[in-house]
file entry.cif (mmCIF, C-alpha atoms)
data_data
#
loop_
_atom_site.label_atom_id
_atom_site.label_comp_id
_atom_site.auth_asym_id
_atom_site.auth_seq_id
_atom_site.Cartn_x
_atom_site.Cartn_y
_atom_site.Cartn_z
CA ALA H 1 -30.71 -4.50 -18.15
CA LEU H 2 -29.86 -0.86 -18.82
CA ARG H 3 -30.23 0.01 -15.15
CA ARG H 4 -27.93 -2.80 -14.10
CA GLY H 5 -25.33 -1.61 -16.63
CA ASN H 6 -25.46 1.91 -15.15
CA GLU H 7 -25.09 0.54 -11.61
CA SER H 8 -22.05 -1.53 -12.53
CA ARG H 9 -20.51 1.44 -14.35
CA SER H 10 -21.15 3.62 -11.29
CA ALA H 11 -19.52 1.02 -9.04
CA ALA H 12 -16.51 0.87 -11.36
CA VAL H 13 -16.16 4.66 -11.23
CA GLN H 14 -16.40 4.64 -7.43
CA ASN H 15 -13.82 1.87 -7.24
CA ARG H 16 -11.45 3.80 -9.48
CA ARG H 17 -11.87 6.94 -7.36
CA LEU H 18 -11.20 4.94 -4.21
CA LEU H 19 -7.99 3.64 -5.75
CA GLU H 20 -6.97 7.13 -6.84
CA VAL H 21 -7.43 8.44 -3.29
CA ALA H 22 -5.53 5.45 -1.92
CA LEU H 23 -2.70 6.16 -4.37
CA ALA H 24 -2.54 9.80 -3.29
CA ILE H 25 -2.42 8.78 0.37
CA ALA H 26 0.29 6.20 -0.37
CA ALA H 27 2.33 8.88 -2.15
CA LEU H 28 2.15 11.45 0.67
CA PRO H 29 4.89 10.00 2.90
CA LEU H 30 7.11 9.63 -0.16
CA ILE H 31 6.65 13.28 -1.13
CA LEU H 32 7.13 14.82 2.31
CA THR H 33 10.69 15.73 3.22
CA MET H 34 10.46 14.59 6.84
CA GLN H 35 9.20 11.20 7.95
CA SER H 36 8.00 10.12 11.34
CA PRO H 37 6.38 6.90 12.50
CA SER H 38 3.05 8.69 12.95
CA GLN H 39 2.90 9.20 9.17
CA TYR H 40 2.97 5.45 8.65
CA VAL H 41 -0.57 5.25 10.04
CA PHE H 42 -1.87 6.81 6.84
CA ALA H 43 -0.30 3.98 4.83
CA VAL H 44 -2.86 1.62 6.38
CA ILE H 45 -5.60 3.11 4.16
CA PRO H 46 -4.06 2.08 0.82
CA MET H 47 -2.98 -1.22 2.38
CA LEU H 48 -6.58 -2.04 3.28
CA VAL H 49 -7.87 -0.99 -0.15
CA VAL H 50 -5.33 -3.18 -1.96
CA LEU H 51 -5.85 -6.12 0.39
CA ASP H 52 -9.62 -5.90 -0.05
CA ARG H 53 -9.27 -6.00 -3.83
CA THR H 54 -6.71 -8.81 -3.94
CA LEU H 55 -8.59 -10.95 -1.43
CA ALA H 56 -11.86 -10.43 -3.34
CA ARG H 57 -10.15 -11.72 -6.49
CA LYS H 58 -8.30 -14.43 -4.53
CA GLU H 59 -5.13 -13.25 -6.24
CA PHE H 60 -2.05 -13.59 -4.06
CA ARG H 61 0.58 -12.09 -6.33
CA PHE H 62 2.66 -8.92 -6.32
CA ALA H 63 0.12 -6.48 -4.88
CA PHE H 64 -0.84 -8.74 -1.98
CA TRP H 65 2.71 -9.62 -0.99
CA ALA H 66 3.94 -6.05 -1.50
CA VAL H 67 1.36 -4.84 1.01
CA VAL H 68 2.19 -7.59 3.49
CA LEU H 69 5.92 -6.83 3.23
CA GLY H 70 5.25 -3.08 3.31
CA TRP H 71 3.28 -3.44 6.53
CA THR H 72 6.02 -5.60 8.03
CA LEU H 73 8.71 -3.06 7.20
CA THR H 74 6.78 0.00 8.40
CA GLY H 75 5.31 -1.69 11.47
CA PRO H 76 7.11 -4.48 13.32
CA ALA H 77 10.54 -3.96 11.72
CA HIS H 78 10.52 -0.23 12.48
CA THR H 79 9.27 -0.78 16.03
CA GLU H 80 12.10 -3.23 16.64
CA PHE H 81 14.55 -0.68 15.20
CA LEU H 82 13.35 1.97 17.65
CA GLY H 83 13.67 -0.54 20.49
CA THR H 84 17.21 -1.34 19.42
CA ILE H 85 18.13 2.35 19.50
CA ALA H 86 16.55 2.67 22.95
CA ARG H 87 18.71 -0.20 24.21
CA GLY H 88 21.77 1.82 23.24
CA VAL H 89 23.09 -0.24 20.34
CA PRO H 90 25.77 1.81 18.56
CA ILE H 91 24.90 3.22 15.16
CA ASN H 92 26.72 1.45 12.34
CA LEU H 93 26.09 0.73 8.67
CA GLY H 94 23.64 -2.06 9.45
CA MET H 95 21.61 0.25 11.68
CA ARG H 96 21.58 2.94 9.01
CA LEU H 97 20.27 0.46 6.45
CA TRP H 98 17.70 -0.82 8.95
CA ALA H 99 16.49 2.76 9.42
CA GLU H 100 15.58 2.92 5.71
CA LEU H 101 13.36 -0.18 5.72
CA PRO H 102 10.13 1.78 6.38
CA LEU H 103 10.81 3.82 3.25
CA VAL H 104 11.14 0.59 1.27
CA GLY H 105 7.83 -0.54 2.77
CA LEU H 106 6.12 2.70 1.78
CA VAL H 107 7.44 2.38 -1.79
CA LEU H 108 6.08 -1.18 -1.96
CA VAL H 109 2.63 -0.03 -0.81
CA TYR H 110 2.69 2.78 -3.38
CA LEU H 111 3.66 0.37 -6.17
CA ALA H 112 0.99 -2.14 -5.15
CA THR H 113 -1.66 0.59 -5.18
CA LEU H 114 -0.42 1.87 -8.53
CA ARG H 115 -0.61 -1.63 -9.97
CA GLU H 116 -4.20 -2.04 -8.76
CA LEU H 117 -5.07 1.18 -10.59
CA SER H 118 -3.77 -0.14 -13.90
CA PRO H 119 -6.40 -0.52 -16.64
CA SER H 120 -5.89 -4.29 -16.86
CA ARG H 121 -6.66 -4.70 -13.13
CA LEU H 122 -9.74 -2.48 -13.34
CA ARG H 123 -11.05 -4.54 -16.27
CA LEU H 124 -10.98 -7.67 -14.11
CA GLU H 125 -13.79 -6.28 -11.99
CA ARG H 126 -16.33 -5.66 -14.71
CA PRO H 127 -19.34 -8.00 -14.51
#
call {"tool": "encode", "arguments": {"input": "entry.cif", "output": "structure tokens"}}
result
Amino acid sequence: ALRRGNESRSAAVQNRRLLEVALAIAALPLILTMQSPSQYVFAVIPMLVVLDRTLARKEFRFAFWAVVLGWTLTGPAHTEFLGTIARGVPINLGMRLWAELPLVGLVLVYLATLRELSPSRLRLERP
């Protein structure tokens, strides 16, 4: 029984470290002064970590939907924005707001990862 307790404690520590790394990766694009679409690739790592945890718990609340919306805003919505610029659509207020959607997506992924790192969420995983 003691051995099993140590293994579960070790798994909990590893899970916490994984979440801490995911949080740091999610924060990087928010800290950097210049953003480019290639930086959004790194956001996939915290997205996968959060999705894995929420799907394992079968909990489809804030963290799950924040990641889904974050991916949508940094992926398909941003790709469509770049295509719209390439078609020569004039820049107006709507286009300027559309350009900021990936940042909103990155903030959502960061918040979802931060929420998964909260002590109450980590307690849910203990055997």
call {"tool": "resolve_selection", "arguments": {"input": "entry.cif", "expression": "the PyMOL selection byres ((chain H and resi 122) around 12)", "output": "list of chain:residue names"}}
result
H:Arg9, H:Ala11, H:Ala12, H:Val13, H:Gln14, H:Asn15, H:Arg16, H:Arg17, H:Leu18, H:Leu19, H:Glu20, H:Arg53, H:Thr54, H:Arg57, H:Thr113, H:Leu114, H:Arg115, H:Glu116, H:Leu117, H:Ser118, H:Pro119, H:Ser120, H:Arg121, H:Arg123, H:Leu124, H:Glu125, H:Arg126, H:Pro127
call {"tool": "closest_residue", "arguments": {"input": "entry.cif", "among": "H:Thr84, H:Thr74, H:Asn92, H:Gln35", "to": "Leu108 (chain H)", "atoms": "only C-alpha atoms"}}
result
H:Thr74
call {"tool": "resolve_selection", "arguments": {"input": "entry.cif", "expression": "the PyMOL selection byres ((chain H and resi 29) around 12)", "output": "ChimeraX atom specification"}}
result
/H:23-28,30-44,74,102-107,109-110
call {"tool": "closest_residue", "arguments": {"input": "entry.cif", "among": "H:Trp98, H:Phe62, H:Trp71, H:Phe81", "to": "Ile45 (chain H)", "atoms": "only C-alpha atoms"}}
result
H:Trp71
call {"tool": "atom_distance", "arguments": {"input": "entry.cif", "atom1": "CA of Leu51 (chain H)", "atom2": "CA of Glu80 (chain H)"}}
result
24.4 Å
call {"tool": "atom_distance", "arguments": {"input": "entry.cif", "atom1": "CA of Leu111 (chain H)", "atom2": "CA of Ala63 (chain H)"}}
result
7.8 Å
call {"tool": "closest_residue", "arguments": {"input": "entry.cif", "among": "H:Arg61, H:Val68, H:Leu82, H:Gly75", "to": "Met47 (chain H)", "atoms": "all atoms listed in the file"}}
result
H:Val68
call {"tool": "closest_residue", "arguments": {"input": "entry.cif", "among": "H:Ala22, H:Leu93, H:Ser10, H:Ala112", "to": "Phe64 (chain H)", "atoms": "all atoms listed in the file"}}
result
H:Ala112
call {"tool": "atom_distance", "arguments": {"input": "entry.cif", "atom1": "CA of Val49 (chain H)", "atom2": "CA of Ala99 (chain H)"}}
result
26.4 Å
